[in-house]
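Here is upload-v2.cif, consisting of mmCIF, C-alpha atoms:
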data_run
loop_
_atom_site.group_PDB
_atom_site.id
_atom_site.type_symbol
_atom_site.label_atom_id
_atom_site.label_comp_id
_atom_site.auth_asym_id
_atom_site.auth_seq_id
_atom_site.Cartn_x
_atom_site.Cartn_y
_atom_site.Cartn_z
ATOM 1 C CA MET Z 225 123.472 -31.053 256.043
ATOM 2 C CA GLU Z 226 124.055 -32.478 252.568
ATOM 3 C CA LYS Z 227 122.848 -31.052 249.278
ATOM 4 C CA ALA Z 228 120.871 -33.156 246.832
ATOM 5 C CA ALA Z 229 122.571 -32.050 243.639
ATOM 6 C CA GLU Z 230 119.675 -32.711 241.285
ATOM 7 C CA PHE Z 231 117.384 -30.119 242.854
ATOM 8 C CA GLY Z 232 119.575 -28.085 245.181
ATOM 9 C CA VAL Z 233 117.686 -28.629 248.458
ATOM 10 C CA PRO Z 234 119.912 -29.669 251.386
ATOM 11 C CA GLU Z 235 119.066 -32.771 253.415
ATOM 12 C CA VAL Z 236 119.294 -33.493 257.126
ATOM 13 C CA ILE Z 237 120.048 -36.925 258.571
ATOM 14 C CA LEU Z 238 117.402 -37.861 261.122
ATOM 15 C CA ASN Z 239 118.137 -39.851 264.292
ATOM 16 C CA SER Z 240 116.708 -42.887 262.450
ATOM 17 C CA GLY Z 241 119.584 -42.658 259.977
ATOM 18 C CA HIS Z 242 117.310 -41.630 257.086
ATOM 19 C CA LYS Z 243 117.686 -38.393 255.131
ATOM 20 C CA MET Z 244 114.967 -35.729 254.909
ATOM 21 C CA PRO Z 245 114.977 -32.771 252.448
ATOM 22 C CA CYS Z 246 115.153 -29.440 254.285
ATOM 23 C CA LEU Z 247 112.107 -27.931 252.586
ATOM 24 C CA GLY Z 248 108.731 -29.631 252.438
ATOM 25 C CA PHE Z 249 105.649 -29.038 250.308
ATOM 26 C CA GLY Z 250 102.505 -28.826 252.443
ATOM 27 C CA THR Z 251 99.234 -30.302 251.188
ATOM 28 C CA ALA Z 252 96.699 -29.100 253.774
ATOM 29 C CA VAL Z 253 93.972 -27.042 252.135
ATOM 30 C CA HIS Z 254 90.347 -26.475 253.129
ATOM 31 C CA PRO Z 255 88.062 -26.915 251.327
ATOM 32 C CA LEU Z 256 89.821 -29.672 249.390
ATOM 33 C CA PRO Z 257 90.066 -29.106 245.608
ATOM 34 C CA PRO Z 258 89.225 -31.945 243.191
ATOM 35 C CA ALA Z 259 91.811 -34.764 243.059
ATOM 36 C CA ASP Z 260 92.854 -34.030 239.463
ATOM 37 C CA GLN Z 261 93.584 -30.421 240.357
ATOM 38 C CA LEU Z 262 95.696 -31.498 243.341
ATOM 39 C CA ILE Z 263 97.635 -34.021 241.270
ATOM 40 C CA THR Z 264 98.445 -31.318 238.716
ATOM 41 C CA VAL Z 265 99.700 -29.007 241.490
ATOM 42 C CA PHE Z 266 101.827 -31.729 243.097
ATOM 43 C CA LEU Z 267 103.349 -32.671 239.731
ATOM 44 C CA GLU Z 268 104.158 -29.004 239.199
ATOM 45 C CA ALA Z 269 105.881 -28.983 242.615
ATOM 46 C CA ILE Z 270 107.953 -32.038 241.727
ATOM 47 C CA SER Z 271 108.895 -30.424 238.410
ATOM 48 C CA ALA Z 272 109.939 -27.263 240.278
ATOM 49 C CA GLY Z 273 112.244 -29.284 242.558
ATOM 50 C CA TYR Z 274 110.263 -30.304 245.653
ATOM 51 C CA ARG Z 275 111.093 -33.784 246.896
ATOM 52 C CA HIS Z 276 109.435 -33.711 250.332
ATOM 53 C CA PHE Z 277 105.632 -33.875 250.598
ATOM 54 C CA ASP Z 278 103.725 -33.409 253.836
ATOM 55 C CA THR Z 279 100.277 -34.980 253.905
ATOM 56 C CA ALA Z 280 97.957 -36.465 256.543
ATOM 57 C CA ALA Z 281 94.851 -38.596 256.842
ATOM 58 C CA MET Z 282 93.094 -35.461 258.116
ATOM 59 C CA TYR Z 283 93.932 -33.477 254.952
ATOM 60 C CA GLY Z 284 92.316 -35.870 252.471
ATOM 61 C CA SER Z 285 95.280 -35.333 250.119
ATOM 62 C CA GLU Z 286 97.081 -38.675 250.534
ATOM 63 C CA GLU Z 287 95.645 -40.284 247.409
ATOM 64 C CA ALA Z 288 96.516 -37.265 245.252
ATOM 65 C CA VAL Z 289 100.094 -37.249 246.598
ATOM 66 C CA GLY Z 290 100.464 -40.952 245.795
ATOM 67 C CA ARG Z 291 99.082 -40.545 242.287
ATOM 68 C CA ALA Z 292 101.322 -37.542 241.632
ATOM 69 C CA VAL Z 293 104.413 -39.471 242.736
ATOM 70 C CA ALA Z 294 103.446 -42.404 240.505
ATOM 71 C CA ALA Z 295 102.893 -40.048 237.559
ATOM 72 C CA ALA Z 296 106.232 -38.304 238.203
ATOM 73 C CA ILE Z 297 108.035 -41.641 238.041
ATOM 74 C CA GLU Z 298 106.130 -42.708 234.933
ATOM 75 C CA CYS Z 299 106.964 -39.536 233.010
ATOM 76 C CA GLY Z 300 110.600 -39.445 234.179
ATOM 77 C CA LEU Z 301 110.483 -36.401 236.494
ATOM 78 C CA VAL Z 302 112.090 -38.649 239.113
ATOM 79 C CA LYS Z 303 113.760 -42.040 238.722
ATOM 80 C CA ASP Z 304 111.986 -43.914 241.500
ATOM 81 C CA ARG Z 305 110.062 -43.702 244.787
ATOM 82 C CA LYS Z 306 113.283 -43.305 246.792
ATOM 83 C CA GLU Z 307 113.713 -39.778 245.433
ATOM 84 C CA ILE Z 308 110.523 -38.577 247.135
ATOM 85 C CA PHE Z 309 110.179 -38.173 250.911
ATOM 86 C CA ILE Z 310 106.556 -38.620 252.044
ATOM 87 C CA THR Z 311 105.298 -37.656 255.496
ATOM 88 C CA SER Z 312 101.818 -38.583 256.661
ATOM 89 C CA LYS Z 313 100.059 -38.355 260.003
ATOM 90 C CA LEU Z 314 97.813 -40.391 262.262
ATOM 91 C CA PHE Z 315 94.261 -39.034 262.381
ATOM 92 C CA VAL Z 316 92.913 -37.969 265.787
ATOM 93 C CA THR Z 317 90.176 -40.609 265.519
ATOM 94 C CA ASP Z 318 92.858 -43.330 265.407
ATOM 95 C CA THR Z 319 95.075 -42.357 268.342
ATOM 96 C CA HIS Z 320 94.538 -45.646 270.194
ATOM 97 C CA ARG Z 321 96.944 -48.565 270.512
ATOM 98 C CA ASP Z 322 94.750 -50.928 268.423
ATOM 99 C CA LEU Z 323 94.002 -48.417 265.669
ATOM 100 C CA VAL Z 324 97.459 -47.074 264.762
ATOM 101 C CA VAL Z 325 98.787 -49.862 262.521
ATOM 102 C CA PRO Z 326 95.468 -50.252 260.643
ATOM 103 C CA ALA Z 327 95.364 -46.468 260.154
ATOM 104 C CA LEU Z 328 98.834 -46.462 258.609
ATOM 105 C CA GLU Z 329 97.921 -49.417 256.411
ATOM 106 C CA GLU Z 330 94.946 -47.410 255.143
ATOM 107 C CA THR Z 331 97.204 -44.400 254.512
ATOM 108 C CA LEU Z 332 99.553 -46.626 252.501
ATOM 109 C CA ARG Z 333 96.610 -47.982 250.493
ATOM 110 C CA LYS Z 334 95.577 -44.432 249.607
ATOM 111 C CA LEU Z 335 99.156 -43.456 248.754
ATOM 112 C CA GLY Z 336 99.675 -46.640 246.729
ATOM 113 C CA GLN Z 337 102.955 -47.179 248.620
ATOM 114 C CA ASP Z 338 104.604 -49.881 250.723
ATOM 115 C CA TYR Z 339 105.942 -47.392 253.276
ATOM 116 C CA VAL Z 340 106.015 -43.742 254.295
ATOM 117 C CA ASP Z 341 109.284 -42.003 255.013
ATOM 118 C CA LEU Z 342 107.886 -40.365 258.138
ATOM 119 C CA TYR Z 343 104.726 -41.094 260.137
ATOM 120 C CA LEU Z 344 103.620 -38.660 262.834
ATOM 121 C CA ILE Z 345 101.030 -38.536 265.609
ATOM 122 C CA HIS Z 346 99.152 -35.508 264.269
ATOM 123 C CA TRP Z 347 97.929 -34.193 267.640
ATOM 124 C CA PRO Z 348 98.175 -35.431 271.264
ATOM 125 C CA ILE Z 349 94.395 -35.790 271.122
ATOM 126 C CA ARG Z 350 91.838 -38.570 270.679
ATOM 127 C CA ILE Z 351 88.275 -38.166 269.467
ATOM 128 C CA LYS Z 352 85.500 -40.644 268.693
ATOM 129 C CA GLN Z 353 85.667 -42.284 265.270
ATOM 130 C CA THR Z 354 82.213 -40.895 264.503
ATOM 131 C CA ALA Z 355 83.341 -37.307 265.138
ATOM 132 C CA VAL Z 356 83.864 -34.697 262.411
ATOM 133 C CA ALA Z 357 87.414 -33.346 262.662
ATOM 134 C CA TYR Z 358 86.578 -29.691 261.979
ATOM 135 C CA GLU Z 359 83.426 -29.693 264.128
ATOM 136 C CA ILE Z 360 84.487 -31.367 267.385
ATOM 137 C CA ASN Z 361 82.062 -31.316 270.323
ATOM 138 C CA GLU Z 362 82.780 -32.041 273.980
ATOM 139 C CA GLU Z 363 81.112 -35.466 273.778
ATOM 140 C CA ASP Z 364 83.527 -36.406 270.956
ATOM 141 C CA MET Z 365 86.602 -36.138 273.191
ATOM 142 C CA LEU Z 366 88.316 -39.300 274.491
ATOM 143 C CA TYR Z 367 91.466 -39.820 276.571
ATOM 144 C CA PHE Z 368 94.758 -39.743 274.682
ATOM 145 C CA ASP Z 369 97.346 -42.135 276.161
ATOM 146 C CA ILE Z 370 100.845 -41.102 275.068
ATOM 147 C CA LYS Z 371 102.554 -44.326 276.179
ATOM 148 C CA ASP Z 372 100.141 -46.718 274.442
ATOM 149 C CA VAL Z 373 99.947 -44.750 271.207
ATOM 150 C CA TRP Z 374 103.724 -44.405 270.954
ATOM 151 C CA GLU Z 375 104.161 -48.160 271.481
ATOM 152 C CA ALA Z 376 101.896 -48.687 268.463
ATOM 153 C CA MET Z 377 103.900 -46.118 266.466
ATOM 154 C CA GLU Z 378 107.051 -48.088 267.288
ATOM 155 C CA GLU Z 379 105.290 -51.180 265.916
ATOM 156 C CA CYS Z 380 104.799 -49.295 262.618
ATOM 157 C CA SER Z 381 108.552 -48.775 262.511
ATOM 158 C CA LYS Z 382 109.361 -52.386 263.362
ATOM 159 C CA LEU Z 383 106.995 -53.626 260.634
ATOM 160 C CA GLY Z 384 108.781 -51.449 258.070
ATOM 161 C CA LEU Z 385 105.646 -49.436 257.310
ATOM 162 C CA ALA Z 386 107.380 -46.180 258.308
ATOM 163 C CA LYS Z 387 111.093 -45.471 257.828
ATOM 164 C CA SER Z 388 110.943 -42.886 260.622
ATOM 165 C CA ILE Z 389 108.315 -42.042 263.235
ATOM 166 C CA GLY Z 390 107.612 -38.873 265.171
ATOM 167 C CA VAL Z 391 105.041 -36.507 266.585
ATOM 168 C CA SER Z 392 103.354 -33.226 265.762
ATOM 169 C CA ASN Z 393 102.091 -30.431 268.005
ATOM 170 C CA PHE Z 394 103.706 -31.896 271.139
ATOM 171 C CA SER Z 395 104.887 -29.587 273.916
ATOM 172 C CA ARG Z 396 108.238 -30.179 275.589
ATOM 173 C CA GLU Z 397 106.399 -31.676 278.560
ATOM 174 C CA LYS Z 398 104.510 -34.147 276.359
ATOM 175 C CA LEU Z 399 107.724 -35.051 274.551
ATOM 176 C CA SER Z 400 109.428 -35.646 277.909
ATOM 177 C CA LYS Z 401 106.573 -37.908 278.992
ATOM 178 C CA LEU Z 402 106.819 -39.873 275.744
ATOM 179 C CA LEU Z 403 110.612 -40.229 276.060
ATOM 180 C CA ARG Z 404 110.349 -41.736 279.548
ATOM 181 C CA ASN Z 405 108.889 -44.926 278.025
ATOM 182 C CA ALA Z 406 110.083 -44.845 274.409
ATOM 183 C CA THR Z 407 112.478 -47.368 272.923
ATOM 184 C CA ILE Z 408 112.564 -45.376 269.656
ATOM 185 C CA THR Z 409 113.129 -41.627 269.994
ATOM 186 C CA PRO Z 410 110.839 -39.549 267.763
ATOM 187 C CA ALA Z 411 112.736 -38.435 264.665
ATOM 188 C CA VAL Z 412 110.662 -35.258 264.283
ATOM 189 C CA ASN Z 413 108.353 -32.917 266.158
ATOM 190 C CA GLN Z 414 106.329 -30.938 263.632
ATOM 191 C CA VAL Z 415 105.081 -27.711 265.212
ATOM 192 C CA GLU Z 416 103.812 -24.283 264.283
ATOM 193 C CA MET Z 417 106.909 -22.149 263.787
ATOM 194 C CA SER Z 418 107.510 -18.853 262.035
ATOM 195 C CA VAL Z 419 109.121 -15.474 262.649
ATOM 196 C CA ALA Z 420 105.918 -14.660 264.592
ATOM 197 C CA TRP Z 421 106.134 -17.822 266.758
ATOM 198 C CA GLN Z 422 109.826 -18.625 267.001
ATOM 199 C CA GLN Z 423 109.809 -21.704 269.254
ATOM 200 C CA ARG Z 424 113.276 -21.027 270.708
ATOM 201 C CA ARG Z 425 112.808 -23.243 273.788
ATOM 202 C CA MET Z 426 111.409 -26.061 271.659
ATOM 203 C CA LEU Z 427 114.365 -25.850 269.277
ATOM 204 C CA GLU Z 428 116.828 -26.050 272.173
ATOM 205 C CA PHE Z 429 114.978 -28.987 273.745
ATOM 206 C CA CYS Z 430 114.742 -30.941 270.500
ATOM 207 C CA GLU Z 431 118.384 -30.327 269.613
ATOM 208 C CA GLU Z 432 119.379 -31.756 273.006
ATOM 209 C CA LYS Z 433 117.183 -34.840 272.419
ATOM 210 C CA ARG Z 434 118.274 -35.267 268.761
ATOM 211 C CA ILE Z 435 114.726 -34.652 267.534
ATOM 212 C CA HIS Z 436 114.414 -32.603 264.350
ATOM 213 C CA VAL Z 437 111.892 -29.762 264.182
ATOM 214 C CA CYS Z 438 109.655 -29.288 261.138
ATOM 215 C CA ALA Z 439 107.804 -25.980 260.900
ATOM 216 C CA TRP Z 440 104.204 -25.870 259.748
ATOM 217 C CA SER Z 441 102.711 -22.546 258.645
ATOM 218 C CA PRO Z 442 106.158 -20.868 258.379
ATOM 219 C CA LEU Z 443 104.444 -18.081 256.414
ATOM 220 C CA GLY Z 444 101.537 -17.799 258.855
ATOM 221 C CA ALA Z 445 98.926 -19.542 256.650
ATOM 222 C CA ASN Z 446 97.176 -16.198 256.231
ATOM 223 C CA GLY Z 447 93.600 -16.809 255.126
ATOM 224 C CA ALA Z 448 93.456 -20.441 256.290
ATOM 225 C CA LEU Z 449 91.243 -21.740 259.110
ATOM 226 C CA TRP Z 450 94.226 -21.542 261.461
ATOM 227 C CA GLY Z 451 96.091 -18.584 259.973
ATOM 228 C CA THR Z 452 97.677 -15.317 261.067
ATOM 229 C CA ASN Z 453 98.783 -12.292 259.032
ATOM 230 C CA ALA Z 454 101.620 -11.542 261.484
ATOM 231 C CA VAL Z 455 104.246 -13.027 259.135
ATOM 232 C CA MET Z 456 103.387 -11.724 255.690
ATOM 233 C CA GLN Z 457 102.330 -8.294 256.997
ATOM 234 C CA SER Z 458 105.425 -7.839 259.163
ATOM 235 C CA PRO Z 459 107.073 -4.457 258.444
ATOM 236 C CA ILE Z 460 110.410 -5.929 259.561
ATOM 237 C CA LEU Z 461 110.218 -8.671 256.911
ATOM 238 C CA GLU Z 462 109.108 -6.110 254.347
ATOM 239 C CA GLU Z 463 112.129 -3.920 255.113
ATOM 240 C CA ILE Z 464 114.603 -6.825 254.899
ATOM 241 C CA ALA Z 465 113.017 -8.224 251.731
ATOM 242 C CA ALA Z 466 113.186 -4.844 249.980
ATOM 243 C CA ALA Z 467 116.816 -4.306 250.982
ATOM 244 C CA ARG Z 468 117.866 -7.780 249.834
ATOM 245 C CA ASN Z 469 115.721 -7.971 246.676
ATOM 246 C CA LYS Z 470 113.964 -11.034 248.099
ATOM 247 C CA THR Z 471 110.308 -11.807 248.733
ATOM 248 C CA LYS Z 472 108.948 -11.623 252.275
ATOM 249 C CA ALA Z 473 108.279 -15.354 252.032
ATOM 250 C CA GLN Z 474 111.904 -16.057 251.126
ATOM 251 C CA VAL Z 475 113.139 -14.082 254.137
ATOM 252 C CA ALA Z 476 110.668 -15.849 256.459
ATOM 253 C CA LEU Z 477 111.604 -19.311 255.147
ATOM 254 C CA ARG Z 478 115.332 -18.578 255.213
ATOM 255 C CA TRP Z 479 115.025 -17.561 258.874
ATOM 256 C CA VAL Z 480 113.313 -20.870 259.759
ATOM 257 C CA TYR Z 481 115.996 -22.824 257.887
ATOM 258 C CA GLU Z 482 118.787 -20.938 259.661
ATOM 259 C CA GLN Z 483 117.290 -22.018 263.014
ATOM 260 C CA GLY Z 484 117.922 -25.629 261.975
ATOM 261 C CA ALA Z 485 114.258 -26.426 261.275
ATOM 262 C CA VAL Z 486 112.619 -27.691 258.081
ATOM 263 C CA PRO Z 487 109.916 -25.315 256.764
ATOM 264 C CA LEU Z 488 106.800 -26.872 255.211
ATOM 265 C CA VAL Z 489 105.488 -24.370 252.720
ATOM 266 C CA LYS Z 490 102.250 -24.520 250.752
ATOM 267 C CA SER Z 491 101.673 -22.473 247.631
ATOM 268 C CA PHE Z 492 99.708 -23.693 244.650
ATOM 269 C CA ASP Z 493 100.894 -20.695 242.602
ATOM 270 C CA SER Z 494 103.596 -21.761 240.137
ATOM 271 C CA GLU Z 495 105.815 -18.703 240.502
ATOM 272 C CA ARG Z 496 105.645 -18.536 244.316
ATOM 273 C CA MET Z 497 106.251 -22.276 244.419
ATOM 274 C CA ARG Z 498 109.576 -21.707 242.664
ATOM 275 C CA GLN Z 499 110.455 -18.578 244.632
ATOM 276 C CA ASN Z 500 110.070 -20.500 247.895
ATOM 277 C CA LEU Z 501 112.763 -22.962 246.764
ATOM 278 C CA ARG Z 502 115.302 -20.180 246.343
ATOM 279 C CA ILE Z 503 116.372 -19.813 249.963
ATOM 280 C CA PHE Z 504 119.546 -21.890 250.124
ATOM 281 C CA ASP Z 505 122.202 -19.805 248.342
ATOM 282 C CA TRP Z 506 122.213 -16.728 250.594
ATOM 283 C CA GLU Z 507 122.207 -15.880 254.314
ATOM 284 C CA LEU Z 508 120.621 -13.377 256.652
ATOM 285 C CA THR Z 509 123.039 -10.974 258.310
ATOM 286 C CA ASP Z 510 123.374 -10.873 262.091
ATOM 287 C CA GLU Z 511 121.649 -7.482 262.053
ATOM 288 C CA GLU Z 512 118.711 -8.854 260.061
ATOM 289 C CA ALA Z 513 118.392 -11.869 262.368
ATOM 290 C CA CYS Z 514 118.420 -9.520 265.354
ATOM 291 C CA LYS Z 515 115.576 -7.460 263.859
ATOM 292 C CA ILE Z 516 113.546 -10.630 263.217
ATOM 293 C CA GLY Z 517 114.143 -11.638 266.840
ATOM 294 C CA LYS Z 518 112.185 -8.538 267.918
ATOM 295 C CA ILE Z 519 108.983 -9.435 266.027
ATOM 296 C CA PRO Z 520 106.047 -9.738 268.505
ATOM 297 C CA GLN Z 521 105.278 -13.382 269.360
ATOM 298 C CA ALA Z 522 101.921 -15.169 269.352
ATOM 299 C CA ARG Z 523 100.599 -18.529 268.214
ATOM 300 C CA GLY Z 524 98.615 -18.416 265.008
ATOM 301 C CA PHE Z 525 96.682 -21.519 266.082
ATOM 302 C CA THR Z 526 95.871 -21.721 269.785
ATOM 303 C CA GLY Z 527 94.112 -25.096 269.721
ATOM 304 C CA GLN Z 528 91.039 -23.559 271.341
ATOM 305 C CA ARG Z 529 88.813 -25.935 269.337
ATOM 306 C CA PHE Z 530 90.184 -28.834 271.434
ATOM 307 C CA ILE Z 531 89.397 -27.191 274.789
ATOM 308 C CA PHE Z 532 86.312 -28.296 276.752
ATOM 309 C CA PRO Z 533 85.317 -27.968 280.448
ATOM 310 C CA LYS Z 534 85.144 -31.774 280.822
ATOM 311 C CA GLY Z 535 87.795 -32.663 278.230
ATOM 312 C CA GLN Z 536 91.349 -33.925 278.686
ATOM 313 C CA TYR Z 537 92.534 -30.335 278.148
ATOM 314 C CA ARG Z 538 90.463 -27.733 279.960
ATOM 315 C CA SER Z 539 92.512 -24.737 278.886
ATOM 316 C CA VAL Z 540 94.919 -23.704 276.154
ATOM 317 C CA GLU Z 541 97.637 -23.691 278.831
ATOM 318 C CA GLU Z 542 96.949 -27.375 279.574
ATOM 319 C CA LEU Z 543 97.072 -28.333 275.885
ATOM 320 C CA TRP Z 544 100.473 -26.680 275.432
ATOM 321 C CA ASP Z 545 101.713 -27.211 279.010
ATOM 322 C CA GLY Z 546 102.197 -23.489 279.482
ATOM 323 C CA GLU Z 547 103.958 -22.911 276.141
ATOM 324 C CA VAL Z 548 101.617 -20.127 275.044
#
Would you encode the structure as structure tokens?
Amino acid sequence: MEKAAEFGVPEVILNSGHKMPCLGFGTAVHPLPPADQLITVFLEAISAGYRHFDTAAMYGSEEAVGRAVAAAIECGLVKDRKEIFITSKLFVTDTHRDLVVPALEETLRKLGQDYVDLYLIHWPIRIKQTAVAYEINEEDMLYFDIKDVWEAMEECSKLGLAKSIGVSNFSREKLSKLLRNATITPAVNQVEMSVAWQQRRMLEFCEEKRIHVCAWSPLGANGALWGTNAVMQSPILEEIAAARNKTKAQVALRWVYEQGAVPLVKSFDSERMRQNLRIFDWELTDEEACKIGKIPQARGFTGQRFIFPKGQYRSVEELWDGEV
């Protein structure tokens, strides 16, 4: 990993040959604040040193990210677009061969950009275009075809609309199925990962396949629609943080980074935003890592909202292919 001297965050080189900063700023929040408020927060993040922004069509934050990046360039916080790494994701209503490229074109229109640095299939799921993402019913569910959708993602790469392409919330089995037909290997699999859901088998699998892991909700997203308090209320993290004069969040993020994954952290609080950047100039001891390895494991987000008796996935085990 290389360090970007101007803001001190290391970078990893993806299998596409492009560099990605090893800490991302998440933009998923529900309910969505007004655009001007979001832009102010994102500019604050850029000022603090974040250079990697994680958005998605589903989040409704793409336009605010694009406007913040444009404002940062205009006021001299960054020199040009190349200094910012933008990830966005394909909405679950658009996971069909004919809808992928138009969906990315719409994302780029909202961002005000010619390309994204990374474009991901958000979920291995397809729903009707008339469906409401947070209120899915059984009749909204359609069949998700991994092979066809990935072929369209590869077209996004070939057209230059995405520098790198990847997936999100894919099990090892679904990744294996995708790889059997892929001509471009996914650069990233973005999955839930934290000290409370450590994803050891996924990390091993992705390392073998040269796929980088990004970790969403590395702090548990306590209080969110999908959250868990198992990270920030962990007595083990509290003990380590107190002994090291660090915050619990810093210990949790440092652990994710030491596993070789890129944590995507969301805090709109100015001080915590800066604290979360300070994880690269120290290391956990072997003893501390061993203690963290004993934290009880459970998914914070099971995906139960996608499970229906007549759907493509009839149980949580089917959605994750047993990785529960």
Legend entry - Explicit residue set for the PyMOL selection byres ((chain Z and resi 507-520) around 10), as a list in words: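 This file gives the following for the PyMOL selection byres ((chain Z and resi 507-520) around 10): Val419, Ala420, Trp421, Gln422, Ala454, Val455, Ser458, Pro459, Ile460, Leu461, Glu463, Ile464, Arg468, Val475, Ala476, Arg478, Trp479, Tyr481, Glu482, Ile503, Phe504, Asp505, Trp506, Gln521 and Ala522 of chain Z.
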Residues as selected, C-alpha atoms, written as a compact mmCIF listing (two decimals), in the frame of the given file, can you do that?
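Written output follows (result-v2.txt):
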# COMPACT_ATOMS: atom_id res chain seq x y z
CA VAL Z 419 109.12 -15.47 262.65
CA ALA Z 420 105.92 -14.66 264.59
CA TRP Z 421 106.13 -17.82 266.76
CA GLN Z 422 109.83 -18.62 267.00
CA ALA Z 454 101.62 -11.54 261.48
CA VAL Z 455 104.25 -13.03 259.14
CA SER Z 458 105.42 -7.84 259.16
CA PRO Z 459 107.07 -4.46 258.44
CA ILE Z 460 110.41 -5.93 259.56
CA LEU Z 461 110.22 -8.67 256.91
CA GLU Z 463 112.13 -3.92 255.11
CA ILE Z 464 114.60 -6.82 254.90
CA ARG Z 468 117.87 -7.78 249.83
CA VAL Z 475 113.14 -14.08 254.14
CA ALA Z 476 110.67 -15.85 256.46
CA ARG Z 478 115.33 -18.58 255.21
CA TRP Z 479 115.02 -17.56 258.87
CA TYR Z 481 116.00 -22.82 257.89
CA GLU Z 482 118.79 -20.94 259.66
CA ILE Z 503 116.37 -19.81 249.96
CA PHE Z 504 119.55 -21.89 250.12
CA ASP Z 505 122.20 -19.80 248.34
CA TRP Z 506 122.21 -16.73 250.59
CA GLN Z 521 105.28 -13.38 269.36
CA ALA Z 522 101.92 -15.17 269.35
Legend entry - One-decimal distance in Å that lies between atom CA of Val253 of chain Z and atom CA of Val324 of chain Z: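 About the pair atom CA of Val324 of chain Z and atom CA of Val253 of chain Z: they are 23.9 Å apart.
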Legend entry - Output of the PyMOL selection byres ((chain Z and resi 425-442) around 6), listed as an MDAnalysis selection string: chainID Z and resid 411:418 423:424 443:445 485:488
Legend entry - Counting all atoms listed in the file, the option among Z:Gly336, Z:Leu301, Z:Lys371, Z:Ala473 closest to Arg404 of chain Z: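 Using all atoms listed in the file, the shortest distance to Arg404 of chain Z belongs to Z:Lys371.
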Legend entry - Residues matched by the PyMOL selection byres ((chain Z and resi 288-291) around 12), written as a ChimeraX atom specification: /Z:249-252,256-270,275-281,283-287,292-298,305,308-312,331-340
Legend entry - Using only C-alpha atoms: which of Z:His320, Z:Lys303, Z:His346, Z:His242 has the shortest distance to Ala386 of chain Z: Z:His242
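Of note, atom CA of Val236 of chain Z and atom CA of Thr409 of chain Z are spaced 16.4 Å apart.
Put simply, atom CA of Cys380 of chain Z is 11.3 Å away from atom CA of Leu314 of chain Z.
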Legend entry - Best match for closeness to Arg498 of chain Z among Z:Leu344, Z:Gly384, Z:Leu403, Z:Thr471, counting all atoms listed in the file: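 Of Z:Leu344, Z:Gly384, Z:Leu403, Z:Thr471, the one nearest Arg498 of chain Z is Z:Thr471, counting all atoms listed in the file.
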